Amino acid sequence: MTTHHSPPPPHDRPAAAAPLTVPHWTVGRVAVHRIDEIPLPPATGPWLLPDATPEVVAREDWLRPHFADPQGVVRLDSHSFAFATGGLRILVDTGIGNGKPRANPAWNGLRTDYLDRLTAAGFPPDDIDLVVLTHLHTDHVGWNTRWDNGTWVPTFPNARYVTARAEYDFWAGYAMDEPRRQMFRDSVHPVAEAGLLDLVDVPADGVEPAPGLRLLPTPGHSPGHLAVQLTSEGATALITGDCVHHPVQFAHPALGSCADVDPALAEATRRRLLGALAGTGTLVLGTHFPPPTAGRVTGHGEAYRLRPVPPVDARRR
């Protein structure tokens with residue numbers, strides 16, 4: 001059921017100075033915009049990727065300065081990607097959200113300019129046609145809803161929200177703790193209750209909800225986890241979701257996340273995906289990669305590296 005309790009007072013985070021900078025990459029005829037929410041605190045890396053120790057990170061010089069700090073702590077971000085293809089205006093993942101009661105202090109009661117950034121990119125909430133949820137974790141579904149007149153309502157009222165049936169069914173049968181139940185109450189159930197949630201069966205070769213857009217099964221981090229493939233005029237991009245959290249995992253594919261539901265499957269998925277991407281020229285867009293966020297996969301010995309591709313900074317009012 002939708003909660004009717006008031007959310008906690010949001011943290012007073014300063015808004016970005018106008019005009020907003022909305023970075024994007026070009027994939028064929030499609031512009032893929034990164035919609036920034038927040039940089040994640042430095043403590044996130046050691047918690048999320050416990051085996052990405054400073055010693056491990058320091059051995060990969062190519063991770064600095066963008067993907068790791070001088071002390072060897074990995075950098076992580078929360079953001080979404082927005083683009084138009086196949087006649088649809090599409091948003092992939094919706095971040096943490098504003099004003100949400102969260103057990104993680106860094107995520108609790110946020111107040112960010114996320115919707116302003118989305119609008120500045122040319123994607124006002126009422127114009128979104130499709131929201132793709134790579135999986136149903138707290139930092140990927142938060143902007144599904146917003147607080148309005150004492151309840152949580154869909155932020156994108158004219159959109160269909162899509163996730164894998166395997167993902168939804170897994171959590172429906174899972175013994176959730178209270179923080180996860182709260183997340184479903186405020187960010188997933190209101191969308192389903194509004195009749196906007198579509199559950200899709202995803203075969204091994206993926207499913208195409210719109211021309212040029214394919215949802216690929218990448219299980220392990222969660223059972224129904226999806227990566228999102230975009231193609232246009234012979235160019236291809238892939239949005240990772242959480243099958244890869246950080247570029248250090250290119251160099252060390254065995255390095256997993258503390259949040260992986262099935263660590264062995266997550267590693268197998270990551271190795272398969274990186275092997276398939278290496279040398280293809282596919283633009284990889286990391287859902288938690290800090291700026292420059294995107295790159296192309298190259299082989300390096302028995303593992304891989306990410307060769308960064310900087311965005312275009314489109315200044316819009």
# chains A, B, ... in the order shown; residues from 1 in each chain; ligands from 1

$ closest_atom_pairs --of "segment 164-224 of chain A" --to "segment 139-151 of chain A" --cutoff "12 Å" --atoms "only C-alpha atoms" --output "CSV"
residue,atom,partner,partner_atom,distance
A:Arg180,CA,A:Asp139,CA,11.2
A:Gln182,CA,A:Gly142,CA,11.3
A:Met183,CA,A:Gly142,CA,7.9
A:Phe184,CA,A:Val141,CA,9.0
A:Arg185,CA,A:Thr145,CA,10.4
A:Asp186,CA,A:Thr145,CA,7.2
A:Ser187,CA,A:Thr145,CA,5.6
A:Val188,CA,A:Asn144,CA,7.2
A:His189,CA,A:Thr145,CA,9.8
A:Pro190,CA,A:Thr145,CA,7.5
A:Val191,CA,A:Asn144,CA,7.3
A:Ala192,CA,A:Asn144,CA,10.6
A:Glu193,CA,A:Thr145,CA,11.9
A:Ala194,CA,A:Thr145,CA,11.0
A:Leu196,CA,A:Asn144,CA,10.5
A:Leu197,CA,A:Asn144,CA,10.5

$ write_last_selection --atoms "N, CA, C and O atoms" --output "PDB file, in the first residue's frame"
ATOM      1  N   ARG A 180      13.675  -1.895   3.056  1.00  0.00           N
ATOM      2  CA  ARG A 180      13.312  -2.271   1.686  1.00  0.00           C
ATOM      3  C   ARG A 180      11.794  -2.236   1.500  1.00  0.00           C
ATOM      4  O   ARG A 180      11.303  -1.824   0.447  1.00  0.00           O
ATOM      5  N   GLN A 182       9.826  -0.192   2.980  1.00  0.00           N
ATOM      6  CA  GLN A 182       9.509   1.225   2.833  1.00  0.00           C
ATOM      7  C   GLN A 182       9.772   1.698   1.417  1.00  0.00           C
ATOM      8  O   GLN A 182       8.968   2.438   0.828  1.00  0.00           O
ATOM      9  N   MET A 183      10.882   1.261   0.824  1.00  0.00           N
ATOM     10  CA  MET A 183      11.201   1.654  -0.549  1.00  0.00           C
ATOM     11  C   MET A 183      10.119   1.182  -1.513  1.00  0.00           C
ATOM     12  O   MET A 183       9.691   1.930  -2.397  1.00  0.00           O
ATOM     13  N   PHE A 184       9.659  -0.050  -1.348  1.00  0.00           N
ATOM     14  CA  PHE A 184       8.590  -0.538  -2.222  1.00  0.00           C
ATOM     15  C   PHE A 184       7.303   0.251  -1.990  1.00  0.00           C
ATOM     16  O   PHE A 184       6.580   0.560  -2.945  1.00  0.00           O
ATOM     17  N   ARG A 185       7.013   0.595  -0.726  1.00  0.00           N
ATOM     18  CA  ARG A 185       5.789   1.348  -0.436  1.00  0.00           C
ATOM     19  C   ARG A 185       5.800   2.723  -1.094  1.00  0.00           C
ATOM     20  O   ARG A 185       4.780   3.180  -1.608  1.00  0.00           O
ATOM     21  N   ASP A 186       6.956   3.388  -1.084  1.00  0.00           N
ATOM     22  CA  ASP A 186       6.938   4.766  -1.578  1.00  0.00           C
ATOM     23  C   ASP A 186       7.388   4.911  -3.035  1.00  0.00           C
ATOM     24  O   ASP A 186       7.153   5.952  -3.636  1.00  0.00           O
ATOM     25  N   SER A 187       8.023   3.882  -3.611  1.00  0.00           N
ATOM     26  CA  SER A 187       8.599   4.073  -4.942  1.00  0.00           C
ATOM     27  C   SER A 187       8.206   3.031  -5.983  1.00  0.00           C
ATOM     28  O   SER A 187       8.443   3.257  -7.171  1.00  0.00           O
ATOM     29  N   VAL A 188       7.653   1.908  -5.566  1.00  0.00           N
ATOM     30  CA  VAL A 188       7.262   0.866  -6.516  1.00  0.00           C
ATOM     31  C   VAL A 188       5.750   0.648  -6.492  1.00  0.00           C
ATOM     32  O   VAL A 188       5.088   0.700  -7.534  1.00  0.00           O
ATOM     33  N   HIS A 189       5.184   0.423  -5.316  1.00  0.00           N
ATOM     34  CA  HIS A 189       3.754   0.149  -5.234  1.00  0.00           C
ATOM     35  C   HIS A 189       2.887   1.277  -5.800  1.00  0.00           C
ATOM     36  O   HIS A 189       1.878   0.982  -6.480  1.00  0.00           O
ATOM     37  N   PRO A 190       3.206   2.562  -5.567  1.00  0.00           N
ATOM     38  CA  PRO A 190       2.341   3.603  -6.147  1.00  0.00           C
ATOM     39  C   PRO A 190       2.275   3.552  -7.670  1.00  0.00           C
ATOM     40  O   PRO A 190       1.241   3.880  -8.262  1.00  0.00           O
ATOM     41  N   VAL A 191       3.377   3.148  -8.314  1.00  0.00           N
ATOM     42  CA  VAL A 191       3.383   3.034  -9.772  1.00  0.00           C
ATOM     43  C   VAL A 191       2.497   1.873 -10.216  1.00  0.00           C
ATOM     44  O   VAL A 191       1.711   1.983 -11.163  1.00  0.00           O
ATOM     45  N   ALA A 192       2.619   0.740  -9.502  1.00  0.00           N
ATOM     46  CA  ALA A 192       1.780  -0.409  -9.826  1.00  0.00           C
ATOM     47  C   ALA A 192       0.309  -0.096  -9.575  1.00  0.00           C
ATOM     48  O   ALA A 192      -0.566  -0.448 -10.389  1.00  0.00           O
ATOM     49  N   GLU A 193       0.009   0.577  -8.462  1.00  0.00           N
ATOM     50  CA  GLU A 193      -1.375   0.901  -8.126  1.00  0.00           C
ATOM     51  C   GLU A 193      -1.990   1.874  -9.129  1.00  0.00           C
ATOM     52  O   GLU A 193      -3.214   1.880  -9.342  1.00  0.00           O
ATOM     53  N   ALA A 194      -1.150   2.690  -9.775  1.00  0.00           N
ATOM     54  CA  ALA A 194      -1.633   3.615 -10.804  1.00  0.00           C
ATOM     55  C   ALA A 194      -1.802   2.938 -12.157  1.00  0.00           C
ATOM     56  O   ALA A 194      -2.243   3.579 -13.114  1.00  0.00           O
ATOM     57  N   LEU A 196       0.616   1.738 -14.059  1.00  0.00           N
ATOM     58  CA  LEU A 196       1.670   2.163 -14.982  1.00  0.00           C
ATOM     59  C   LEU A 196       2.828   1.183 -15.091  1.00  0.00           C
ATOM     60  O   LEU A 196       3.730   1.395 -15.911  1.00  0.00           O
ATOM     61  N   LEU A 197       2.833   0.116 -14.290  1.00  0.00           N
ATOM     62  CA  LEU A 197       3.975  -0.802 -14.257  1.00  0.00           C
ATOM     63  C   LEU A 197       3.752  -1.971 -15.208  1.00  0.00           C
ATOM     64  O   LEU A 197       2.742  -2.672 -15.123  1.00  0.00           O
TER      65      LEU A 197
END

$ closest_atom_pairs --of "segment 107-195 of chain A" --to "segment 27-50 of chain A" --cutoff "9 Å" --atoms "only C-alpha atoms" --output "CSV"
residue,atom,partner,partner_atom,distance
A:Trp107,CA,A:Leu40,CA,8.9
A:Thr112,CA,A:Glu37,CA,6.5
A:Asp113,CA,A:Glu37,CA,7.3
A:Tyr114,CA,A:Glu37,CA,5.4
A:Leu115,CA,A:Ile35,CA,8.6
A:Arg117,CA,A:Ile35,CA,6.1
A:Leu118,CA,A:Ile35,CA,5.9
A:Ala121,CA,A:His33,CA,6.8

$ write_last_selection --atoms "N, CA and C atoms" --output "mmCIF file, in the first residue's frame"
data_model
loop_
_atom_site.group_PDB
_atom_site.id
_atom_site.type_symbol
_atom_site.label_atom_id
_atom_site.label_comp_id
_atom_site.auth_asym_id
_atom_site.auth_seq_id
_atom_site.Cartn_x
_atom_site.Cartn_y
_atom_site.Cartn_z
ATOM 1 N N TRP A 107 21.356 9.021 1.685
ATOM 2 C CA TRP A 107 20.224 8.974 0.762
ATOM 3 C C TRP A 107 18.944 9.501 1.396
ATOM 4 N N THR A 112 17.437 17.552 -4.266
ATOM 5 C CA THR A 112 18.335 17.846 -5.378
ATOM 6 C C THR A 112 17.558 18.506 -6.507
ATOM 7 N N ASP A 113 18.295 18.963 -7.508
ATOM 8 C CA ASP A 113 17.674 19.610 -8.665
ATOM 9 C C ASP A 113 17.504 18.641 -9.827
ATOM 10 N N TYR A 114 17.325 17.363 -9.527
ATOM 11 C CA TYR A 114 17.238 16.320 -10.552
ATOM 12 C C TYR A 114 16.175 16.637 -11.609
ATOM 13 N N LEU A 115 14.973 16.999 -11.193
ATOM 14 C CA LEU A 115 13.909 17.256 -12.170
ATOM 15 C C LEU A 115 14.211 18.492 -13.011
ATOM 16 N N ARG A 117 17.209 19.311 -13.930
ATOM 17 C CA ARG A 117 18.199 18.837 -14.901
ATOM 18 C C ARG A 117 17.523 18.022 -16.015
ATOM 19 N N LEU A 118 16.581 17.197 -15.616
ATOM 20 C CA LEU A 118 15.848 16.417 -16.611
ATOM 21 C C LEU A 118 15.121 17.339 -17.581
ATOM 22 N N ALA A 121 17.439 19.120 -19.995
ATOM 23 C CA ALA A 121 17.877 18.251 -21.091
ATOM 24 C C ALA A 121 16.814 18.108 -22.172
#

$ closest_residue --among "A:Ala259, A:Leu226, A:Leu273, A:Ala235" --to "Trp25 of chain A" --atoms "only C-alpha atoms"
A:Ala235

$ atom_distance --atom1 "atom CA of Phe170 of chain A" --atom2 "atom CA of Thr138 of chain A"
15.2 Å

$ atom_distance --atom1 "atom CA of Gly206 of chain A" --atom2 "atom CA of Ala164 of chain A"
10.6 Å

$ select_by_dssp --residues "segment 74-244 of chain A" --states "strand (DSSP E)" --output "ChimeraX atom specification"
/A:77-85,88-92,130-132,145-148,151-154,160-164,197-200,207-210,213-217,226-232,235-239

$ closest_residue --among "A:Ile96, A:Leu265, A:Asp116, A:Pro154" --to "Thr21 of chain A" --atoms "only C-alpha atoms"
A:Asp116

$ closest_residue --among "A:Ala268, A:Leu283, A:Ala159, A:Val297" --to "Leu88 of chain A" --atoms "only C-alpha atoms"
A:Ala159

$ residues_around --residues "segment 171-177 of chain A" --least-positions-apart "2" --cutoff "10 Å" --atoms "only C-alpha atoms" --output "ChimeraX atom specification"
/A:136-137,166-169,179-182,184,222-224

$ select_by_dssp --residues "segment 28-96 of chain A" --states "helix (DSSP H, G or I)" --output "PyMOL selection string"
chain A and resi 44-48+54-58+61-63

$ closest_residue --among "A:Gln71, A:Thr282, A:Gly86, A:Tyr161" --to "Gly234 of chain A" --atoms "only C-alpha atoms"
A:Thr282

$ residues_around --residues "Ala68 of chain A" --least-positions-apart "6" --cutoff "10 Å" --atoms "only C-alpha atoms" --output "ChimeraX atom specification"
/A:42,45,54,57-58,60-62,74-76,246-248,290

$ atom_distance --atom1 "atom CA of Pro209 of chain A" --atom2 "atom CA of Thr85 of chain A"
10.8 Å

$ residues_around --residues "Gly241 of chain A" --least-positions-apart "6" --cutoff "10 Å" --atoms "only C-alpha atoms" --output "list of chain:residue names"
A:Ser80, A:Val92, A:Asp93, A:Leu133, A:Thr134, A:His135, A:His140, A:Thr218, A:His221, A:His225, A:Leu226, A:Ala227, A:Val228, A:Leu285, A:Gly286, A:Thr287, A:His288

$ closest_residue --among "A:Val200, A:Val56, A:Ala251, A:Thr155" --to "Asn98 of chain A" --atoms "only C-alpha atoms"
A:Thr155

$ decode --residues "segment 119-234 of chain A" --atoms "C-alpha atoms" --output "PDB file, in the first residue's frame"
ATOM      1  CA  THR A 119      13.771  19.311 -17.889  1.00  0.00           C
ATOM      2  CA  ALA A 120      16.876  21.243 -18.963  1.00  0.00           C
ATOM      3  CA  ALA A 121      17.877  18.251 -21.091  1.00  0.00           C
ATOM      4  CA  GLY A 122      14.539  18.542 -22.886  1.00  0.00           C
ATOM      5  CA  PHE A 123      12.700  15.803 -20.982  1.00  0.00           C
ATOM      6  CA  PRO A 124      10.100  17.372 -18.650  1.00  0.00           C
ATOM      7  CA  PRO A 125       8.439  14.703 -16.495  1.00  0.00           C
ATOM      8  CA  ASP A 126       5.060  14.837 -18.266  1.00  0.00           C
ATOM      9  CA  ASP A 127       6.786  14.145 -21.602  1.00  0.00           C
ATOM     10  CA  ILE A 128       8.468  10.870 -20.592  1.00  0.00           C
ATOM     11  CA  ASP A 129       6.916   7.908 -22.433  1.00  0.00           C
ATOM     12  CA  LEU A 130       8.942   5.012 -21.014  1.00  0.00           C
ATOM     13  CA  VAL A 131      10.853   4.495 -17.765  1.00  0.00           C
ATOM     14  CA  VAL A 132      13.158   1.472 -17.834  1.00  0.00           C
ATOM     15  CA  LEU A 133      14.098   0.129 -14.391  1.00  0.00           C
ATOM     16  CA  THR A 134      17.216  -2.020 -14.660  1.00  0.00           C
ATOM     17  CA  HIS A 135      16.331  -3.506 -11.268  1.00  0.00           C
ATOM     18  CA  LEU A 136      14.378  -2.686  -8.130  1.00  0.00           C
ATOM     19  CA  HIS A 137      17.028  -1.380  -5.745  1.00  0.00           C
ATOM     20  CA  THR A 138      16.590   1.789  -3.713  1.00  0.00           C
ATOM     21  CA  ASP A 139      18.994   3.956  -5.712  1.00  0.00           C
ATOM     22  CA  HIS A 140      17.384   3.051  -9.046  1.00  0.00           C
ATOM     23  CA  VAL A 141      13.676   3.656  -8.363  1.00  0.00           C
ATOM     24  CA  GLY A 142      13.501   6.744  -6.146  1.00  0.00           C
ATOM     25  CA  TRP A 143      12.262   9.278  -8.683  1.00  0.00           C
ATOM     26  CA  ASN A 144       9.541   6.863  -9.762  1.00  0.00           C
ATOM     27  CA  THR A 145       7.401   8.927  -7.409  1.00  0.00           C
ATOM     28  CA  ARG A 146       7.184  12.364  -5.824  1.00  0.00           C
ATOM     29  CA  TRP A 147       5.356  13.662  -2.744  1.00  0.00           C
ATOM     30  CA  ASP A 148       2.083  15.390  -3.592  1.00  0.00           C
ATOM     31  CA  ASN A 149      -0.855  16.271  -1.309  1.00  0.00           C
ATOM     32  CA  GLY A 150       0.125  13.821   1.404  1.00  0.00           C
ATOM     33  CA  THR A 151       0.961  10.801  -0.723  1.00  0.00           C
ATOM     34  CA  TRP A 152       3.528   9.433  -3.166  1.00  0.00           C
ATOM     35  CA  VAL A 153       2.385   9.754  -6.781  1.00  0.00           C
ATOM     36  CA  PRO A 154       4.075   8.758 -10.061  1.00  0.00           C
ATOM     37  CA  THR A 155       6.552  11.420 -11.189  1.00  0.00           C
ATOM     38  CA  PHE A 156       6.035  10.448 -14.834  1.00  0.00           C
ATOM     39  CA  PRO A 157       2.252  10.087 -15.115  1.00  0.00           C
ATOM     40  CA  ASN A 158       2.188   9.563 -18.882  1.00  0.00           C
ATOM     41  CA  ALA A 159       4.919   6.907 -18.940  1.00  0.00           C
ATOM     42  CA  ARG A 160       4.910   3.141 -18.818  1.00  0.00           C
ATOM     43  CA  TYR A 161       7.370   1.883 -16.209  1.00  0.00           C
ATOM     44  CA  VAL A 162       9.072  -1.331 -17.358  1.00  0.00           C
ATOM     45  CA  THR A 163      11.101  -3.914 -15.457  1.00  0.00           C
ATOM     46  CA  ALA A 164      11.696  -7.643 -15.774  1.00  0.00           C
ATOM     47  CA  ARG A 165       8.992  -9.939 -14.478  1.00  0.00           C
ATOM     48  CA  ALA A 166      11.726 -12.087 -12.878  1.00  0.00           C
ATOM     49  CA  GLU A 167      12.880  -9.051 -10.892  1.00  0.00           C
ATOM     50  CA  TYR A 168       9.451  -8.120  -9.596  1.00  0.00           C
ATOM     51  CA  ASP A 169       8.486 -11.693  -8.773  1.00  0.00           C
ATOM     52  CA  PHE A 170      11.711 -12.275  -6.830  1.00  0.00           C
ATOM     53  CA  TRP A 171      11.159  -9.317  -4.518  1.00  0.00           C
ATOM     54  CA  ALA A 172       7.452 -10.138  -4.166  1.00  0.00           C
ATOM     55  CA  GLY A 173       8.481 -13.418  -2.538  1.00  0.00           C
ATOM     56  CA  TYR A 174      11.477 -12.090  -0.601  1.00  0.00           C
ATOM     57  CA  ALA A 175      11.546 -11.610   3.172  1.00  0.00           C
ATOM     58  CA  MET A 176      12.297  -7.881   3.071  1.00  0.00           C
ATOM     59  CA  ASP A 177      13.608  -5.862   5.966  1.00  0.00           C
ATOM     60  CA  GLU A 178      11.720  -2.685   6.870  1.00  0.00           C
ATOM     61  CA  PRO A 179      13.918  -0.253   4.854  1.00  0.00           C
ATOM     62  CA  ARG A 180      13.312  -2.271   1.686  1.00  0.00           C
ATOM     63  CA  ARG A 181       9.588  -2.545   2.420  1.00  0.00           C
ATOM     64  CA  GLN A 182       9.509   1.225   2.833  1.00  0.00           C
ATOM     65  CA  MET A 183      11.201   1.654  -0.549  1.00  0.00           C
ATOM     66  CA  PHE A 184       8.590  -0.538  -2.222  1.00  0.00           C
ATOM     67  CA  ARG A 185       5.789   1.348  -0.436  1.00  0.00           C
ATOM     68  CA  ASP A 186       6.938   4.766  -1.578  1.00  0.00           C
ATOM     69  CA  SER A 187       8.599   4.073  -4.942  1.00  0.00           C
ATOM     70  CA  VAL A 188       7.262   0.866  -6.516  1.00  0.00           C
ATOM     71  CA  HIS A 189       3.754   0.149  -5.234  1.00  0.00           C
ATOM     72  CA  PRO A 190       2.341   3.603  -6.147  1.00  0.00           C
ATOM     73  CA  VAL A 191       3.383   3.034  -9.772  1.00  0.00           C
ATOM     74  CA  ALA A 192       1.780  -0.409  -9.826  1.00  0.00           C
ATOM     75  CA  GLU A 193      -1.375   0.901  -8.126  1.00  0.00           C
ATOM     76  CA  ALA A 194      -1.633   3.615 -10.804  1.00  0.00           C
ATOM     77  CA  GLY A 195      -1.615   0.902 -13.482  1.00  0.00           C
ATOM     78  CA  LEU A 196       1.670   2.163 -14.982  1.00  0.00           C
ATOM     79  CA  LEU A 197       3.975  -0.802 -14.257  1.00  0.00           C
ATOM     80  CA  ASP A 198       4.665  -3.303 -17.053  1.00  0.00           C
ATOM     81  CA  LEU A 199       6.451  -6.571 -16.268  1.00  0.00           C
ATOM     82  CA  VAL A 200       8.239  -8.081 -19.248  1.00  0.00           C
ATOM     83  CA  ASP A 201       9.608 -11.555 -19.854  1.00  0.00           C
ATOM     84  CA  VAL A 202      13.202 -11.217 -21.047  1.00  0.00           C
ATOM     85  CA  PRO A 203      14.658 -14.119 -23.071  1.00  0.00           C
ATOM     86  CA  ALA A 204      18.387 -14.792 -23.380  1.00  0.00           C
ATOM     87  CA  ASP A 205      18.710 -12.584 -26.458  1.00  0.00           C
ATOM     88  CA  GLY A 206      16.757  -9.763 -24.862  1.00  0.00           C
ATOM     89  CA  VAL A 207      13.519  -7.991 -25.668  1.00  0.00           C
ATOM     90  CA  GLU A 208      12.897  -4.851 -27.736  1.00  0.00           C
ATOM     91  CA  PRO A 209      10.272  -2.520 -26.224  1.00  0.00           C
ATOM     92  CA  ALA A 210      10.965   0.129 -28.880  1.00  0.00           C
ATOM     93  CA  PRO A 211      12.874   0.249 -32.172  1.00  0.00           C
ATOM     94  CA  GLY A 212      16.572   0.587 -31.433  1.00  0.00           C
ATOM     95  CA  LEU A 213      16.135  -0.260 -27.744  1.00  0.00           C
ATOM     96  CA  ARG A 214      16.872  -3.726 -26.347  1.00  0.00           C
ATOM     97  CA  LEU A 215      16.709  -4.929 -22.747  1.00  0.00           C
ATOM     98  CA  LEU A 216      19.347  -7.588 -22.081  1.00  0.00           C
ATOM     99  CA  PRO A 217      19.289 -10.058 -19.182  1.00  0.00           C
ATOM    100  CA  THR A 218      22.309  -9.504 -16.923  1.00  0.00           C
ATOM    101  CA  PRO A 219      21.402 -11.426 -13.751  1.00  0.00           C
ATOM    102  CA  GLY A 220      23.405 -11.837 -10.573  1.00  0.00           C
ATOM    103  CA  HIS A 221      23.339  -8.475  -8.868  1.00  0.00           C
ATOM    104  CA  SER A 222      19.614  -9.166  -8.771  1.00  0.00           C
ATOM    105  CA  PRO A 223      17.712 -12.018 -10.409  1.00  0.00           C
ATOM    106  CA  GLY A 224      16.016  -9.977 -13.133  1.00  0.00           C
ATOM    107  CA  HIS A 225      18.693  -7.344 -13.645  1.00  0.00           C
ATOM    108  CA  LEU A 226      18.716  -5.701 -17.081  1.00  0.00           C
ATOM    109  CA  ALA A 227      21.286  -3.849 -19.142  1.00  0.00           C
ATOM    110  CA  VAL A 228      19.968  -1.462 -21.781  1.00  0.00           C
ATOM    111  CA  GLN A 229      21.307  -1.535 -25.343  1.00  0.00           C
ATOM    112  CA  LEU A 230      20.720   1.357 -27.730  1.00  0.00           C
ATOM    113  CA  THR A 231      21.472   1.225 -31.462  1.00  0.00           C
ATOM    114  CA  SER A 232      21.235   3.958 -34.090  1.00  0.00           C
ATOM    115  CA  GLU A 233      22.724   4.146 -37.586  1.00  0.00           C
ATOM    116  CA  GLY A 234      25.236   1.399 -36.884  1.00  0.00           C
TER     117      GLY A 234
END
